[in-house]
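Source file: input03.pdb; contents: PDB, C-alpha atoms.
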ATOM      1  CA  MET A   1     -28.713  -3.173   2.732
ATOM      2  CA  ALA A   2     -27.396   0.187   1.768
ATOM      3  CA  ASP A   3     -30.257   1.402  -0.351
ATOM      4  CA  LYS A   4     -33.631   1.443   1.273
ATOM      5  CA  ILE A   5     -36.580   0.382  -0.823
ATOM      6  CA  ASN A   6     -40.250   0.625  -0.129
ATOM      7  CA  PRO A   7     -41.654  -2.633   1.131
ATOM      8  CA  THR A   8     -44.568  -2.752  -1.273
ATOM      9  CA  ARG A   9     -45.960  -5.505  -3.372
ATOM     10  CA  MET A  10     -44.924  -3.656  -6.525
ATOM     11  CA  GLU A  11     -41.304  -3.560  -5.433
ATOM     12  CA  LEU A  12     -41.429  -7.227  -4.656
ATOM     13  CA  ILE A  13     -42.616  -8.028  -8.149
ATOM     14  CA  LYS A  14     -39.917  -5.815  -9.612
ATOM     15  CA  ALA A  15     -37.206  -7.437  -7.526
ATOM     16  CA  LYS A  16     -38.381 -10.888  -8.525
ATOM     17  CA  ALA A  17     -38.176  -9.921 -12.194
ATOM     18  CA  LYS A  18     -34.683  -8.600 -11.554
ATOM     19  CA  ILE A  19     -33.604 -11.893 -10.053
ATOM     20  CA  LYS A  20     -34.915 -13.759 -13.035
ATOM     21  CA  LEU A  21     -32.993 -11.479 -15.389
ATOM     22  CA  ALA A  22     -29.811 -11.657 -13.355
ATOM     23  CA  VAL A  23     -29.933 -15.441 -13.204
ATOM     24  CA  LYS A  24     -30.479 -15.642 -16.935
ATOM     25  CA  GLY A  25     -27.605 -13.226 -17.572
ATOM     26  CA  HIS A  26     -25.410 -15.160 -15.222
ATOM     27  CA  LYS A  27     -26.102 -18.369 -17.060
ATOM     28  CA  LEU A  28     -25.381 -16.800 -20.438
ATOM     29  CA  LEU A  29     -22.179 -15.204 -19.279
ATOM     30  CA  LYS A  30     -21.041 -18.454 -17.801
ATOM     31  CA  GLN A  31     -21.605 -20.140 -21.126
ATOM     32  CA  LYS A  32     -19.725 -17.372 -22.864
ATOM     33  CA  ARG A  33     -16.832 -17.796 -20.495
ATOM     34  CA  ASP A  34     -16.715 -21.521 -21.107
ATOM     35  CA  ALA A  35     -16.775 -21.034 -24.865
ATOM     36  CA  LEU A  36     -13.939 -18.530 -24.641
ATOM     37  CA  VAL A  37     -11.873 -20.828 -22.489
ATOM     38  CA  MET A  38     -12.391 -23.636 -24.963
ATOM     39  CA  GLU A  39     -11.274 -21.461 -27.844
ATOM     40  CA  PHE A  40      -8.354 -20.303 -25.764
ATOM     41  CA  PHE A  41      -7.119 -23.814 -25.158
ATOM     42  CA  SER A  42      -7.498 -24.850 -28.759
ATOM     43  CA  ILE A  43      -5.235 -21.975 -29.800
ATOM     44  CA  MET A  44      -2.964 -22.479 -26.846
ATOM     45  CA  GLU A  45      -2.087 -25.963 -28.086
ATOM     46  CA  LYS A  46      -0.610 -24.443 -31.199
ATOM     47  CA  ALA A  47       1.140 -21.527 -29.613
ATOM     48  CA  LYS A  48       2.506 -22.745 -26.372
ATOM     49  CA  ASP A  49       6.224 -22.773 -26.835
ATOM     50  CA  LEU A  50       6.350 -20.763 -30.003
ATOM     51  CA  ARG A  51       7.561 -17.609 -28.331
ATOM     52  CA  SER A  52      10.544 -19.156 -26.606
ATOM     53  CA  GLU A  53      11.339 -21.140 -29.718
ATOM     54  CA  LEU A  54      11.282 -17.955 -31.739
ATOM     55  CA  ASN A  55      13.647 -16.260 -29.314
ATOM     56  CA  GLY A  56      16.099 -19.111 -29.735
ATOM     57  CA  THR A  57      15.867 -19.273 -33.499
ATOM     58  CA  MET A  58      16.097 -15.517 -33.732
ATOM     59  CA  GLY A  59      19.421 -15.577 -31.910
ATOM     60  CA  LYS A  60      20.704 -18.203 -34.291
ATOM     61  CA  ALA A  61      19.469 -16.240 -37.278
ATOM     62  CA  TYR A  62      21.231 -13.090 -36.140
ATOM     63  CA  THR A  63      24.450 -14.978 -35.649
ATOM     64  CA  SER A  64      24.284 -16.449 -39.124
ATOM     65  CA  LEU A  65      23.469 -13.051 -40.554
ATOM     66  CA  ALA A  66      26.421 -11.494 -38.786
ATOM     67  CA  LYS A  67      28.613 -14.276 -40.155
ATOM     68  CA  ALA A  68      27.380 -13.650 -43.679
ATOM     69  CA  GLN A  69      27.935  -9.938 -43.261
ATOM     70  CA  ALA A  70      31.408 -10.467 -41.907
ATOM     71  CA  PHE A  71      32.250 -12.819 -44.741
ATOM     72  CA  HIS A  72      30.867 -10.854 -47.659
ATOM     73  CA  GLY A  73      30.666  -7.377 -46.330
ATOM     74  CA  ILE A  74      27.472  -5.644 -45.366
ATOM     75  CA  TYR A  75      26.781  -4.425 -48.875
ATOM     76  CA  GLU A  76      26.880  -7.801 -50.548
ATOM     77  CA  VAL A  77      24.377  -9.105 -48.068
ATOM     78  CA  GLU A  78      22.300  -5.997 -48.617
ATOM     79  CA  HIS A  79      22.309  -6.731 -52.331
ATOM     80  CA  ALA A  80      21.201 -10.265 -51.705
ATOM     81  CA  ALA A  81      18.438  -8.943 -49.487
ATOM     82  CA  MET A  82      17.311  -6.621 -52.227
ATOM     83  CA  ALA A  83      17.053  -9.470 -54.667
ATOM     84  CA  THR A  84      14.877 -11.811 -52.631
ATOM     85  CA  ARG A  85      11.208 -11.444 -53.101
ATOM     86  CA  ASN A  86       9.011 -14.288 -52.011
ATOM     87  CA  ILE A  87       6.265 -13.026 -49.820
ATOM     88  CA  SER A  88       4.201 -10.401 -51.464
ATOM     89  CA  ALA A  89       1.044 -10.561 -49.447
ATOM     90  CA  VAL A  90      -0.655 -12.613 -46.806
ATOM     91  CA  SER A  91      -4.322 -13.190 -46.483
ATOM     92  CA  LEU A  92      -5.783 -12.185 -43.173
ATOM     93  CA  GLU A  93      -9.225 -13.058 -42.016
ATOM     94  CA  VAL A  94     -10.926 -11.700 -38.948
ATOM     95  CA  LYS A  95     -12.879 -14.292 -37.031
ATOM     96  CA  ASN A  96     -15.410 -13.400 -34.427
ATOM     97  CA  VAL A  97     -15.465 -15.596 -31.355
ATOM     98  CA  MET A  98     -18.086 -14.472 -28.847
ATOM     99  CA  GLY A  99     -17.541 -10.865 -29.709
ATOM    100  CA  VAL A 100     -13.772 -11.090 -29.677
ATOM    101  CA  LYS A 101     -12.203 -10.353 -33.009
ATOM    102  CA  ILE A 102      -9.472 -12.848 -33.725
ATOM    103  CA  PRO A 103      -7.172 -12.759 -36.714
ATOM    104  CA  SER A 104      -6.629 -15.884 -38.720
ATOM    105  CA  LEU A 105      -3.973 -16.121 -41.383
ATOM    106  CA  GLU A 106      -3.877 -18.191 -44.458
ATOM    107  CA  GLU A 107      -0.796 -20.294 -44.639
ATOM    108  CA  VAL A 108       1.947 -18.751 -46.713
ATOM    109  CA  LYS A 109       4.877 -20.415 -48.297
ATOM    110  CA  VAL A 110       7.938 -18.834 -46.798
ATOM    111  CA  LYS A 111      10.681 -21.348 -47.364
ATOM    112  CA  SER A 112      12.416 -21.169 -50.673
ATOM    113  CA  SER A 113      15.050 -23.195 -52.412
ATOM    114  CA  PRO A 114      18.356 -21.459 -53.149
ATOM    115  CA  LEU A 115      17.379 -21.251 -56.794
ATOM    116  CA  GLU A 116      14.228 -19.338 -56.075
ATOM    117  CA  ARG A 117      15.905 -16.754 -53.956
ATOM    118  CA  GLY A 118      16.936 -14.471 -56.715
ATOM    119  CA  TYR A 119      20.335 -13.349 -55.556
ATOM    120  CA  SER A 120      23.274 -14.418 -57.580
ATOM    121  CA  PHE A 121      25.486 -17.304 -56.625
ATOM    122  CA  LEU A 122      28.546 -15.210 -57.300
ATOM    123  CA  GLY A 123      28.069 -12.631 -54.623
ATOM    124  CA  SER A 124      26.823 -15.095 -52.095
ATOM    125  CA  SER A 125      27.855 -18.264 -50.395
ATOM    126  CA  ALA A 126      26.619 -20.892 -48.031
ATOM    127  CA  LYS A 127      26.774 -18.257 -45.328
ATOM    128  CA  THR A 128      24.215 -16.079 -47.033
ATOM    129  CA  ASP A 129      22.108 -19.124 -47.713
ATOM    130  CA  GLU A 130      22.242 -20.086 -44.093
ATOM    131  CA  ALA A 131      21.225 -16.645 -42.957
ATOM    132  CA  THR A 132      18.367 -16.648 -45.434
ATOM    133  CA  ASN A 133      17.347 -20.090 -44.341
ATOM    134  CA  ASN A 134      17.313 -19.128 -40.704
ATOM    135  CA  PHE A 135      15.337 -16.020 -41.326
ATOM    136  CA  GLU A 136      12.840 -17.939 -43.371
ATOM    137  CA  ILE A 137      12.333 -20.236 -40.414
ATOM    138  CA  VAL A 138      11.960 -17.175 -38.244
ATOM    139  CA  MET A 139       9.466 -15.712 -40.657
ATOM    140  CA  ASP A 140       7.444 -18.870 -40.564
ATOM    141  CA  MET A 141       7.317 -18.743 -36.800
ATOM    142  CA  VAL A 142       6.495 -15.074 -36.782
ATOM    143  CA  LEU A 143       3.516 -15.712 -38.999
ATOM    144  CA  LYS A 144       2.304 -18.456 -36.709
ATOM    145  CA  LEU A 145       2.866 -16.269 -33.697
ATOM    146  CA  ALA A 146       1.055 -13.399 -35.319
ATOM    147  CA  GLU A 147      -2.017 -15.511 -35.588
ATOM    148  CA  THR A 148      -1.940 -17.043 -32.157
ATOM    149  CA  GLU A 149      -0.312 -14.725 -29.678
ATOM    150  CA  ASN A 150      -2.498 -11.785 -30.425
ATOM    151  CA  ALA A 151      -5.614 -13.910 -30.322
ATOM    152  CA  LEU A 152      -4.610 -15.461 -27.030
ATOM    153  CA  LYS A 153      -4.055 -12.122 -25.394
ATOM    154  CA  LYS A 154      -7.406 -10.886 -26.526
ATOM    155  CA  LEU A 155      -9.179 -14.041 -25.475
ATOM    156  CA  ILE A 156      -7.604 -14.065 -22.063
ATOM    157  CA  LYS A 157      -8.569 -10.461 -21.474
ATOM    158  CA  GLU A 158     -12.116 -11.196 -22.475
ATOM    159  CA  ILE A 159     -12.159 -14.280 -20.278
ATOM    160  CA  GLU A 160     -11.043 -12.214 -17.343
ATOM    161  CA  LYS A 161     -13.693  -9.620 -17.987
ATOM    162  CA  THR A 162     -16.408 -12.217 -18.366
ATOM    163  CA  LYS A 163     -15.271 -14.025 -15.288
ATOM    164  CA  ARG A 164     -15.432 -10.862 -13.278
ATOM    165  CA  ARG A 165     -18.937 -10.270 -14.482
ATOM    166  CA  VAL A 166     -20.020 -13.799 -13.722
ATOM    167  CA  ASN A 167     -18.648 -13.525 -10.222
ATOM    168  CA  ALA A 168     -20.155 -10.115  -9.657
ATOM    169  CA  LEU A 169     -23.559 -11.436 -10.633
ATOM    170  CA  GLU A 170     -23.234 -14.607  -8.660
ATOM    171  CA  PHE A 171     -21.809 -13.222  -5.455
ATOM    172  CA  VAL A 172     -22.978  -9.623  -5.322
ATOM    173  CA  VAL A 173     -25.931  -8.778  -7.498
ATOM    174  CA  ILE A 174     -28.079 -11.868  -7.127
ATOM    175  CA  PRO A 175     -27.633 -12.249  -3.351
ATOM    176  CA  LYS A 176     -28.393  -8.575  -2.936
ATOM    177  CA  ILE A 177     -31.699  -8.777  -4.762
ATOM    178  CA  ARG A 178     -32.534 -12.025  -3.013
ATOM    179  CA  HIS A 179     -32.030 -10.297   0.275
ATOM    180  CA  GLN A 180     -34.241  -7.456  -0.875
ATOM    181  CA  THR A 181     -37.109  -9.717  -1.839
ATOM    182  CA  LYS A 182     -36.785 -11.521   1.447
ATOM    183  CA  SER A 183     -36.942  -8.381   3.503
ATOM    184  CA  ILE A 184     -39.855  -7.089   1.451
ATOM    185  CA  SER A 185     -41.846 -10.262   1.807
ATOM    186  CA  LEU A 186     -41.088 -10.418   5.527
ATOM    187  CA  HIS A 187     -42.345  -6.925   5.888
ATOM    188  CA  LEU A 188     -45.473  -7.657   3.861
ATOM    189  CA  ASP A 189     -46.176 -10.734   5.949
ATOM    190  CA  GLU A 190     -45.768  -8.682   9.045
ATOM    191  CA  LEU A 191     -48.271  -6.139   7.755
ATOM    192  CA  GLU A 192     -50.692  -8.866   6.893
ATOM    193  CA  ARG A 193     -50.491 -10.424  10.338
ATOM    194  CA  GLU A 194     -50.907  -7.048  11.880
ATOM    195  CA  SER A 195     -54.047  -6.225   9.945
ATOM    196  CA  PHE A 196     -55.386  -9.728  10.511
ATOM    197  CA  PHE A 197     -54.850  -9.306  14.210
ATOM    198  CA  THR A 198     -56.540  -5.883  14.297
ATOM    199  CA  LEU A 199     -59.467  -7.317  12.393
ATOM    200  CA  LYS A 200     -59.777 -10.132  14.931
ATOM    201  CA  MET A 201     -59.583  -7.670  17.751
ATOM    202  CA  ILE A 202     -62.282  -5.484  16.261
ATOM    203  CA  LYS A 203     -64.410  -8.496  15.567
ATOM    204  CA  GLY A 204     -64.036  -9.636  19.162
ATOM    205  CA  LYS A 205     -64.877  -6.223  20.508
ATOM    206  CA  LEU A 206     -67.947  -5.989  18.313
ATOM    207  CA  ALA A 207     -69.071  -9.450  19.413
ATOM    208  CA  ARG A 208     -68.705  -8.542  23.054
ATOM    209  CA  LYS A 209     -70.615  -5.333  22.507
ATOM    210  CA  GLU A 210     -73.427  -7.266  20.835
ATOM    211  CA  ASP A 211     -73.462  -9.753  23.708
ATOM    212  CA  ASN A 212     -73.748  -6.937  26.196
ATOM    213  CA  GLU A 213     -76.565  -5.344  24.256
ATOM    214  CA  GLY A 214     -78.326  -8.692  23.873
ATOM    215  CA  ASN A 215     -78.432  -9.055  27.637
TER     216      ASN A 215
ATOM    217  CA  MET B 216     -14.852  -7.963 -42.693
ATOM    218  CA  ASN B 217     -15.408 -11.646 -42.748
ATOM    219  CA  LYS B 218     -13.607 -12.388 -45.936
ATOM    220  CA  GLY B 219      -9.877 -12.746 -45.919
ATOM    221  CA  SER B 220      -8.128  -9.734 -47.296
ATOM    222  CA  LEU B 221      -4.709  -9.628 -48.833
ATOM    223  CA  GLY B 222      -2.164  -7.389 -47.268
ATOM    224  CA  GLU B 223       1.526  -6.860 -46.974
ATOM    225  CA  ILE B 224       4.003  -7.580 -44.235
ATOM    226  CA  ALA B 225       6.015  -4.678 -42.918
ATOM    227  CA  VAL B 226       9.118  -4.699 -40.759
ATOM    228  CA  ILE B 227      10.292  -1.970 -38.425
ATOM    229  CA  GLY B 228      13.581  -2.457 -36.651
ATOM    230  CA  ASP B 229      17.294  -2.024 -36.654
ATOM    231  CA  ASN B 230      19.590  -2.831 -39.543
ATOM    232  CA  SER B 231      20.150  -6.514 -38.772
ATOM    233  CA  MET B 232      16.510  -7.200 -38.236
ATOM    234  CA  VAL B 233      15.474  -5.480 -41.403
ATOM    235  CA  THR B 234      18.174  -7.145 -43.477
ATOM    236  CA  GLY B 235      17.305 -10.523 -42.058
ATOM    237  CA  PHE B 236      13.639 -10.253 -42.828
ATOM    238  CA  ARG B 237      14.416  -8.924 -46.247
ATOM    239  CA  LEU B 238      16.447 -12.045 -46.890
ATOM    240  CA  ALA B 239      13.354 -13.982 -45.927
ATOM    241  CA  GLY B 240      11.376 -12.105 -48.530
ATOM    242  CA  VAL B 241       9.726  -9.146 -46.854
ATOM    243  CA  THR B 242       9.548  -6.193 -49.160
ATOM    244  CA  LYS B 243       8.255  -3.425 -46.977
ATOM    245  CA  TYR B 244      10.806  -2.367 -44.422
ATOM    246  CA  PHE B 245      11.690   0.626 -42.303
ATOM    247  CA  GLU B 246      15.050   0.885 -40.673
ATOM    248  CA  LEU B 247      14.091   3.075 -37.762
ATOM    249  CA  GLU B 248      14.635   3.190 -34.057
ATOM    250  CA  GLY B 249      13.325   5.096 -31.087
ATOM    251  CA  GLU B 250      10.670   7.707 -31.640
ATOM    252  CA  ASP B 251      10.779   7.555 -35.415
ATOM    253  CA  ALA B 252       9.919   3.895 -35.211
ATOM    254  CA  GLU B 253       6.986   4.630 -32.957
ATOM    255  CA  LYS B 254       5.677   7.233 -35.374
ATOM    256  CA  LYS B 255       6.052   4.856 -38.272
ATOM    257  CA  LEU B 256       4.272   2.159 -36.335
ATOM    258  CA  ALA B 257       1.329   4.445 -35.643
ATOM    259  CA  GLU B 258       1.254   5.356 -39.300
ATOM    260  CA  LEU B 259       1.346   1.756 -40.476
ATOM    261  CA  LEU B 260      -1.457   0.811 -38.120
ATOM    262  CA  LYS B 261      -3.754   3.043 -40.100
ATOM    263  CA  ASP B 262      -2.627   1.636 -43.422
ATOM    264  CA  ALA B 263      -5.253  -0.766 -44.697
ATOM    265  CA  SER B 264      -2.906  -2.474 -47.134
ATOM    266  CA  ILE B 265      -0.802  -3.937 -44.345
ATOM    267  CA  ASN B 266      -1.756  -7.088 -42.531
ATOM    268  CA  ILE B 267       1.209  -7.806 -40.341
ATOM    269  CA  ILE B 268       3.725  -5.485 -38.769
ATOM    270  CA  ILE B 269       6.857  -7.077 -37.444
ATOM    271  CA  VAL B 270       8.464  -4.762 -34.974
ATOM    272  CA  SER B 271      11.426  -5.098 -32.664
ATOM    273  CA  GLU B 272      10.556  -5.726 -29.046
ATOM    274  CA  LYS B 273      12.570  -2.730 -27.980
ATOM    275  CA  VAL B 274      10.409  -0.427 -30.020
ATOM    276  CA  LEU B 275       7.103  -1.954 -29.086
ATOM    277  CA  TYR B 276       7.709  -2.076 -25.370
ATOM    278  CA  LYS B 277       8.542   1.590 -25.338
ATOM    279  CA  VAL B 278       5.487   2.927 -27.114
ATOM    280  CA  SER B 279       2.961   4.894 -25.136
ATOM    281  CA  GLY B 280       0.269   3.079 -23.224
ATOM    282  CA  ARG B 281      -2.510   4.318 -25.420
ATOM    283  CA  LEU B 282      -0.971   3.115 -28.631
ATOM    284  CA  ARG B 283      -0.129  -0.131 -26.924
ATOM    285  CA  SER B 284      -3.656  -0.824 -25.839
ATOM    286  CA  HIS B 285      -4.871   0.180 -29.270
ATOM    287  CA  ILE B 286      -2.505  -2.355 -30.801
ATOM    288  CA  GLU B 287      -3.791  -5.027 -28.502
ATOM    289  CA  SER B 288      -7.408  -4.284 -29.148
ATOM    290  CA  ILE B 289      -7.428  -4.444 -32.931
ATOM    291  CA  ALA B 290      -7.345  -7.589 -35.041
ATOM    292  CA  LYS B 291      -5.883  -6.120 -38.167
ATOM    293  CA  PRO B 292      -3.075  -5.390 -38.703
ATOM    294  CA  ILE B 293      -1.385  -7.784 -36.329
ATOM    295  CA  VAL B 294       1.673  -6.447 -34.591
ATOM    296  CA  VAL B 295       4.279  -9.049 -33.759
ATOM    297  CA  PRO B 296       7.169  -8.166 -31.511
ATOM    298  CA  VAL B 297      10.404 -10.023 -32.226
ATOM    299  CA  PRO B 298      13.709  -9.780 -30.397
ATOM    300  CA  ASP B 299      16.443  -7.778 -32.055
ATOM    301  CA  ARG B 300      20.125  -8.559 -32.241
ATOM    302  CA  SER B 301      20.781  -7.980 -28.569
ATOM    303  CA  GLY B 302      18.387 -10.764 -27.618
ATOM    304  CA  ALA B 303      14.954 -11.049 -26.137
ATOM    305  CA  VAL B 304      13.660  -8.340 -23.881
ATOM    306  CA  GLU B 305      11.482  -9.431 -21.017
ATOM    307  CA  GLU B 306       8.067  -7.918 -21.231
ATOM    308  CA  GLU B 307       6.760  -6.204 -18.136
ATOM    309  CA  GLU B 308       5.211  -8.739 -15.865
ATOM    310  CA  SER B 309       1.689  -7.444 -16.005
ATOM    311  CA  ALA B 310       1.445  -7.543 -19.793
ATOM    312  CA  SER B 311       2.996 -10.891 -20.558
ATOM    313  CA  LEU B 312       0.713 -13.649 -21.664
ATOM    314  CA  ARG B 313       1.858 -15.876 -18.877
ATOM    315  CA  GLU B 314       0.840 -13.414 -16.219
ATOM    316  CA  LEU B 315      -2.474 -12.797 -17.901
ATOM    317  CA  VAL B 316      -3.205 -16.487 -18.060
ATOM    318  CA  LYS B 317      -2.261 -16.910 -14.457
ATOM    319  CA  ARG B 318      -4.572 -14.163 -13.422
ATOM    320  CA  ALA B 319      -7.524 -15.186 -15.541
ATOM    321  CA  LEU B 320      -7.460 -18.937 -15.218
ATOM    322  CA  GLY B 321      -5.902 -19.143 -11.814
ATOM    323  CA  PHE B 322      -2.982 -21.369 -12.640
ATOM    324  CA  ASP B 323       0.323 -21.194 -14.434
ATOM    325  CA  LEU B 324      -0.001 -22.874 -17.788
ATOM    326  CA  TYR B 325       3.630 -22.653 -18.730
ATOM    327  CA  LYS B 326       5.091 -24.107 -15.615
ATOM    328  CA  GLY B 327       4.133 -27.704 -15.289
ATOM    329  CA  GLY B 328       3.901 -28.736 -18.930
ATOM    330  CA  GLY B 329       0.358 -27.710 -19.561
ATOM    331  CA  SER B 330      -3.167 -28.743 -18.945
TER     332      SER B 330
END
Encoded form using structure tokens:
Amino acid sequence: MADKINPTRMELIKAKAKIKLAVKGHKLLKQKRDALVMEFFSIMEKAKDLRSELNGTMGKAYTSLAKAQAFHGIYEVEHAAMATRNISAVSLEVKNVMGVKIPSLEEVKVKSSPLERGYSFLGSSAKTDEATNNFEIVMDMVLKLAETENALKKLIKEIEKTKRRVNALEFVVIPKIRHQTKSISLHLDELERESFFTLKMIKGKLARKEDNEGN
Amino acid sequence: MNKGSLGEIAVIGDNSMVTGFRLAGVTKYFELEGEDAEKKLAELLKDASINIIIVSEKVLYKVSGRLRSHIESIAKPIVVPVPDRSGAVEEEESASLRELVKRALGFDLYKGGGS
């Protein structure tokens, strides 16, 4: 025990209260951790392979874009890009899970039919359409990723933090205070025995004295 | 902040990335790279009318640590890194989700096909 405390009854009471508090906190934190892990897994289901899928689709999308640009020239594609306007705004909600702020997005319609796209059929071809298509798929994935990846990272960080706290309480703080109370109560017992013994001794001495005087 | 709020999507990246996302319908775009992109990113983070920022991985993985941790700590706007034309960049080990999961939960979720 690094820090010395006075072995008094007051300290014992204080330490006992501390244990109670620490145990309560430990229990709460454990529950928090479990709740976070549950939330984590429910999001994880949705997000698991999204990142690697996105990387693949992204590559495909860039290839199709390059093809469209090579076929029509960069400027034609640029014009097409100027004309498309589907997503104006997305609705973002911030959820609060155990103190962790998690974004949740409303689903947005990203995919469009060639007629909705707005660029003219004259300056474009199937190649532009394909590029647009691919990027719409990408966009869809990005939106899903936006919602999940960020949340997962935050959750996992919080889980780690909570876990550390739980462990610190369980393996460091609580044992330490337990040890303290034990040493205090041992000491108090010792004192009690000591005074009991001195009392006995005095009593014995007095009795003997009385005996002697009685004779 | 409990109610959903409408906001725009912004893209920061190189020419191909920007053009591609414009084809998909994004209207707010910044064709920037390097430091300019980082500045723009910091600026957009403060903009309340933006909900999602799509940024190329190259840009995001180069930003300073402080901005990075700020990005990861806020819930709105969401910053999504996407690979640019040259393909996906591997994130540093310590920051990737996989590593984080491994450290926090004690096992590799991605390896054996999940829980």
Residue neighbourhood stretch 93-108 of chain A, 10 Å, only C-alpha atoms, exclusion window fewer than 3 positions, as an MDAnalysis selection string: (chainID A and resid 32:33 35:36 39 86:90 111 140 143:144 146:148 150:155 157:158) or (chainID B and resid 216:221 266:267 288:293)
How big is the axis-aligned box around the listed atoms of stretch 277-287 of chain B once 4 Å is added on each side, and where is its centre? Give both in Å to one decimal, as AutoDock Vina command-line options.
--center_x 1.8 --center_y -0.1 --center_z -27.0 --size_x 21.4 --size_y 17.9 --size_z 15.6
Selection near A:Ala80, 6 Å with all atoms listed in the file, sequence-local residues under 3 positions removed, as a PyMOL selection string: chain A and resi 77+83+119
Could you state which residues are captured by the PyMOL selection byres ((chain B and resi 262) around 12) in this file, as a PyMOL selection string? chain B and resi 222-225+255-261+263-268+291-293
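For the atom pair formed by atom CA of A:Met58 and atom CA of B:Val297, the distance is 8.1 Å, given to one decimal.
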Using the chain letters and numbering of this document, enumerate as number ranges by chain the residues selected by the PyMOL selection byres ((chain A and resi 57) around 12). A: 50-56, 58-64, 131, 133-142; B: 297-300, 302-303
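The residue that comes closest to chain A, out of B:Ile286, B:Val233, B:Val226, B:Ala319 and on the basis of all atoms listed in the file, is B:Ala319.
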re atom CA of B:Val294 and atom CA of B:Asp229: distance 16.4 Å
What would the selection look like, as a PyMOL selection string, if the PyMOL selection byres ((chain B and resi 253) around 12) were run on the coordinates I just shared? chain B and resi 227-228+245-252+254-260+270-280+282-283+286
Between A:Ala68, A:Ala207, A:Leu28, A:Met201, single out the one closest to chain B, counting only C-alpha atoms. A:Ala68
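The smallest atom-to-atom distance between B:Lys243 and any of B:Val295, B:Asn230, B:Ile269, B:Phe322, using only C-alpha atoms, is found for B:Ile269.
Counting from atom CA of A:Glu76, the distance to atom CA of A:Ser124 is 7.5 Å.
In this comparison, which uses only C-alpha atoms, the residue of A:Gln180, A:Asn6, A:Ser42, A:Thr198 approaching chain B most closely is A:Ser42.
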Can I get stretch 20-24 of chain A with all heavy atoms filled in, as a tab-separated table (two decimals), in the frame of the given file?
chain	number	residue	atom	x	y	z
A	20	LYS	N	-34.78	-12.90	-11.86
A	20	LYS	CA	-34.92	-13.76	-13.04
A	20	LYS	C	-33.92	-13.34	-14.11
A	20	LYS	O	-33.21	-14.17	-14.69
A	20	LYS	CB	-36.34	-13.63	-13.57
A	20	LYS	CG	-36.95	-14.97	-13.91
A	20	LYS	CD	-38.35	-14.72	-14.41
A	20	LYS	CE	-39.19	-15.96	-14.35
A	20	LYS	NZ	-40.59	-15.65	-14.68
A	21	LEU	N	-33.88	-12.02	-14.36
A	21	LEU	CA	-32.99	-11.48	-15.39
A	21	LEU	C	-31.53	-11.75	-15.03
A	21	LEU	O	-30.75	-12.21	-15.87
A	21	LEU	CB	-33.23	-9.97	-15.52
A	21	LEU	CG	-32.49	-9.29	-16.65
A	21	LEU	CD1	-33.08	-9.70	-17.98
A	21	LEU	CD2	-32.54	-7.78	-16.49
A	22	ALA	N	-31.20	-11.49	-13.78
A	22	ALA	CA	-29.81	-11.66	-13.36
A	22	ALA	C	-29.37	-13.11	-13.48
A	22	ALA	O	-28.26	-13.40	-13.93
A	22	ALA	CB	-29.65	-11.17	-11.92
A	23	VAL	N	-30.27	-14.01	-13.12
A	23	VAL	CA	-29.93	-15.44	-13.20
A	23	VAL	C	-29.73	-15.86	-14.66
A	23	VAL	O	-28.79	-16.59	-14.99
A	23	VAL	CB	-31.02	-16.29	-12.53
A	23	VAL	CG1	-30.83	-17.76	-12.84
A	23	VAL	CG2	-30.99	-16.08	-11.03
A	24	LYS	N	-30.59	-15.34	-15.50
A	24	LYS	CA	-30.48	-15.64	-16.93
A	24	LYS	C	-29.14	-15.12	-17.47
A	24	LYS	O	-28.41	-15.82	-18.17
A	24	LYS	CB	-31.63	-14.97	-17.66
A	24	LYS	CG	-32.09	-15.69	-18.89
A	24	LYS	CD	-33.26	-14.89	-19.41
A	24	LYS	CE	-34.02	-15.50	-20.52
A	24	LYS	NZ	-35.11	-14.57	-20.91
